[in-house]
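Below is one structure, written out as C-alpha cells; the observations come after it.
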Amino acid sequence: MTVMVTGGAGYIGSHVVRLLERCGDDVVILDDLSNGFSSRAGRLPLVDIDLCSAEAQNQIADVIQRYGVDSVIHFAAKKQVGESVERPLWYYRQNVTGLGNLLQAVGQCGVAKVVFSSSAAAYGMPDIPVVGEDVPCRPINPYGETKLIGEWMLRNAARATGLRTVSLRYFNVAGAGWPDLADKAALNLIPIVINRLTEGKNPVVFGDTYDTPDGTCVRDYVHVVDLAEAHIKALDFLDSDACAPSVFNVGTGTGASVLEVIDSIGQVSGLNVIPDISAARPGDPAQLVADVSRIEAELGWKAQYGLPEIVESAWAAQAL
Ligand SMILES: O=c1ccn([C@@H]2O[C@H](COP(=O)(O)OP(=O)(O)O[C@H]3O[C@H](CO)[C@@H](O)[C@H](O)[C@H]3O)[C@@H](O)[C@H]2O)c(=O)[nH]1
C-alpha cells in the first residue's frame, strides 16, 4: 500500500508518517513547506506542491500515478483561528480550494480512500459538557467553517463516486512522540506556557470566571501519538466492507482546565509556576470535551496517554 500524506512534514502529519513507516507502508509526502520542515520527512519522497494553485490537480494526479497511491491522508491546511478571522477568504482558498483540487485528482486517478483532518472547531460553542458527533455543528469562525465544509465535500464525493472517507475531528492535540517531530510553533496552550517558562515569564490564563470547577476553560487534550494511531485505525476501517462515510471525534473523553494544565507543567518542569490571570479570550467556549464512544466502538481506538505523558513529552522535546 502507498499512502500519500499531504502536510506530512507538519507536526501531526509527520507523526502519522512515522507510524505508517513503522507499519511497513510506502509513503509519499506532499508539502509546500509553508509550515512543515523537510527534515521531518527523513529519506521519504517529499513533493513540494501548492494544493491551491491552478496546476495542482494535474500535479497531484502525477504523484498519485508515479507512486501508485491507493489512499490519502489530508493534513495540508491552515489552522489558526485568529488568522482565519483576519483573512477569511484566504482561509477558504487554502482549506477548501486545496481540498477540492485534491479530491478532483483523487477522483481522476480512482484512489479509493481518504482520511481528512477535521476539528472540534466544527462544533463551535456547544453548550453541553461532552460533545458527541451528532451535536449540530455551528462553527463560529472561518477556520471551523472550512473544516465543516471539508467534511461535506468528502461526504458528497463519497455519495457521487463511492470514495471511502473518514473525517477525524481533533480536540486539543499536544505532546511529541519523537523529539524531532515536536510542535515548533507556540500557538496552543501547552507550547505557549513552556515557551514562556523557558523565557523566564509567567504563563497567562485567559479568564478565570467561566462556569467550570476552577473558573478556567476546560479542554480535552489528546497526545499526538494517540491521534496518529487513530489515523492508522481509520485506514484499516476504510478497508472493511462495512464502512460508510464517517465522522469521529478524537479525544480522551476527559477534560483538563487551563490551571490544571499549567500545574502539570509546573510538576514536570520542577519550576515554581505562578500564572497571571488576564481577560477571557473572545470566542472561547467554557468547556469542550469529546464523547469518544463512537470511535471506540467503530474503530477500536482509545487514547493510551493522559495529560502527564502529554506534558512530559512536550517538555522533554523542548529541552533538547
Ligand atoms: O496562553 C494561553 C493560551 C491558551 N489559553 C487557554 O487555553 C485553552 C486552550 O487554548 P488553545 O491551545 O489556544 O486551543 P483552543 O482554543 O481550545 O483551540 C484548539 O483546539 C481546537 C479544537 O478543540 C482546534 O480547533 C484549534 O485549532 C486549536 O487551536 C483555551 O481556553 C485558551 O483560552 C490560555 O489561558 N493562555
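In the C-alpha cells, chains take the letters A, B, ... in the order shown, each chain's residues start at 1, and ligands count up from 1 in the order shown.
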
Using only C-alpha atoms and all ligand atoms, which residues have at least one atom no more than 6 Å from ligand 1? Output them as a compact mmCIF listing (two decimals) with C-alpha atoms, in the first residue's frame.
# COMPACT_ATOMS: atom_id res chain seq x y z
CA LYS A 79 -5.22 26.04 11.38
CA GLN A 80 -5.09 29.33 13.25
CA SER A 119 -11.51 19.69 14.00
CA ALA A 120 -13.65 20.15 17.09
CA ALA A 121 -13.80 23.75 15.82
CA PHE A 171 -9.78 18.01 20.04
CA ASN A 172 -6.70 19.67 21.63
CA ASN A 188 -1.50 26.49 21.68
CA LEU A 189 -1.66 26.44 25.45
CA ILE A 192 2.91 28.65 24.77
CA VAL A 204 -1.13 33.80 31.24
CA VAL A 205 -4.60 32.38 31.92
CA PHE A 206 -7.27 33.78 29.62
CA CYS A 217 -11.61 26.80 30.40
CA VAL A 258 -6.10 25.71 32.00
CA ARG A 281 -10.32 35.47 25.02
CA ASP A 284 -13.55 30.56 23.84

Based on DSSP run over this structure's backbone, return all residues of range 115-313 of chain A in strand (DSSP E), as a PyMOL selection string.
chain A and resi 115-119+164-170+172-174+204-206+218-219+221-223+246-250+256-257+276-278+287-288

Which residue gives the smallest distance to Gly10 in chain A among A:Glu83, A:Asp180, A:Val131, A:Gly98, with only C-alpha atoms counted?
A:Asp180

Please report, as a Markdown table, each residue of range 185-222 of chain A lying at most 12 Å from range 287-297 of chain A, together with the nearest pair of atoms and the separation in Å rounded to one decimal; use only C-alpha atoms, and order rows by chain and ascending residue number.
| residue | atom | partner | partner_atom | distance |
| --- | --- | --- | --- | --- |
| A:Tyr210 | CA | A:Gln287 | CA | 8.9 |
| A:Asp211 | CA | A:Gln287 | CA | 8.7 |
| A:Thr212 | CA | A:Gln287 | CA | 7.5 |
| A:Pro213 | CA | A:Gln287 | CA | 10.5 |
| A:Asp214 | CA | A:Gln287 | CA | 11.8 |
| A:Gly215 | CA | A:Gln287 | CA | 10.5 |
| A:Thr216 | CA | A:Gln287 | CA | 9.0 |
| A:Cys217 | CA | A:Gln287 | CA | 5.8 |
| A:Val218 | CA | A:Gln287 | CA | 4.5 |
| A:Arg219 | CA | A:Leu288 | CA | 5.1 |
| A:Asp220 | CA | A:Val289 | CA | 4.9 |
| A:Tyr221 | CA | A:Val289 | CA | 8.7 |
| A:Val222 | CA | A:Ala290 | CA | 10.1 |

Hey, could you make a per-residue contact list for range 215-279 of chain A against range 150-155 of chain A with 12 Å as the cut-off, showing the nearest pair of atoms and its distance in Å to one decimal, counting only C-alpha atoms, sorted by chain and number, as CSV?
residue,atom,partner,partner_atom,distance
A:Ala244,CA,A:Arg155,CA,9.4
A:Pro245,CA,A:Arg155,CA,6.1
A:Ser246,CA,A:Arg155,CA,8.2
A:Val247,CA,A:Glu151,CA,8.1
A:Phe248,CA,A:Glu151,CA,11.1

Tell me, in Å to one decimal, how far CA of Gly266 in chain A is from CA of Ala314 in chain A.
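Atom-to-atom, CA of Gly266 in chain A and CA of Ala314 in chain A are spaced 12.7 Å apart.
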
Tell me which of A:Glu309, A:Asp276, A:Glu260, A:Asp241 sits closest to Asp226 in chain A, counting only C-alpha atoms.
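That would be A:Glu309, the residue with the smallest distance to Asp226 in chain A.
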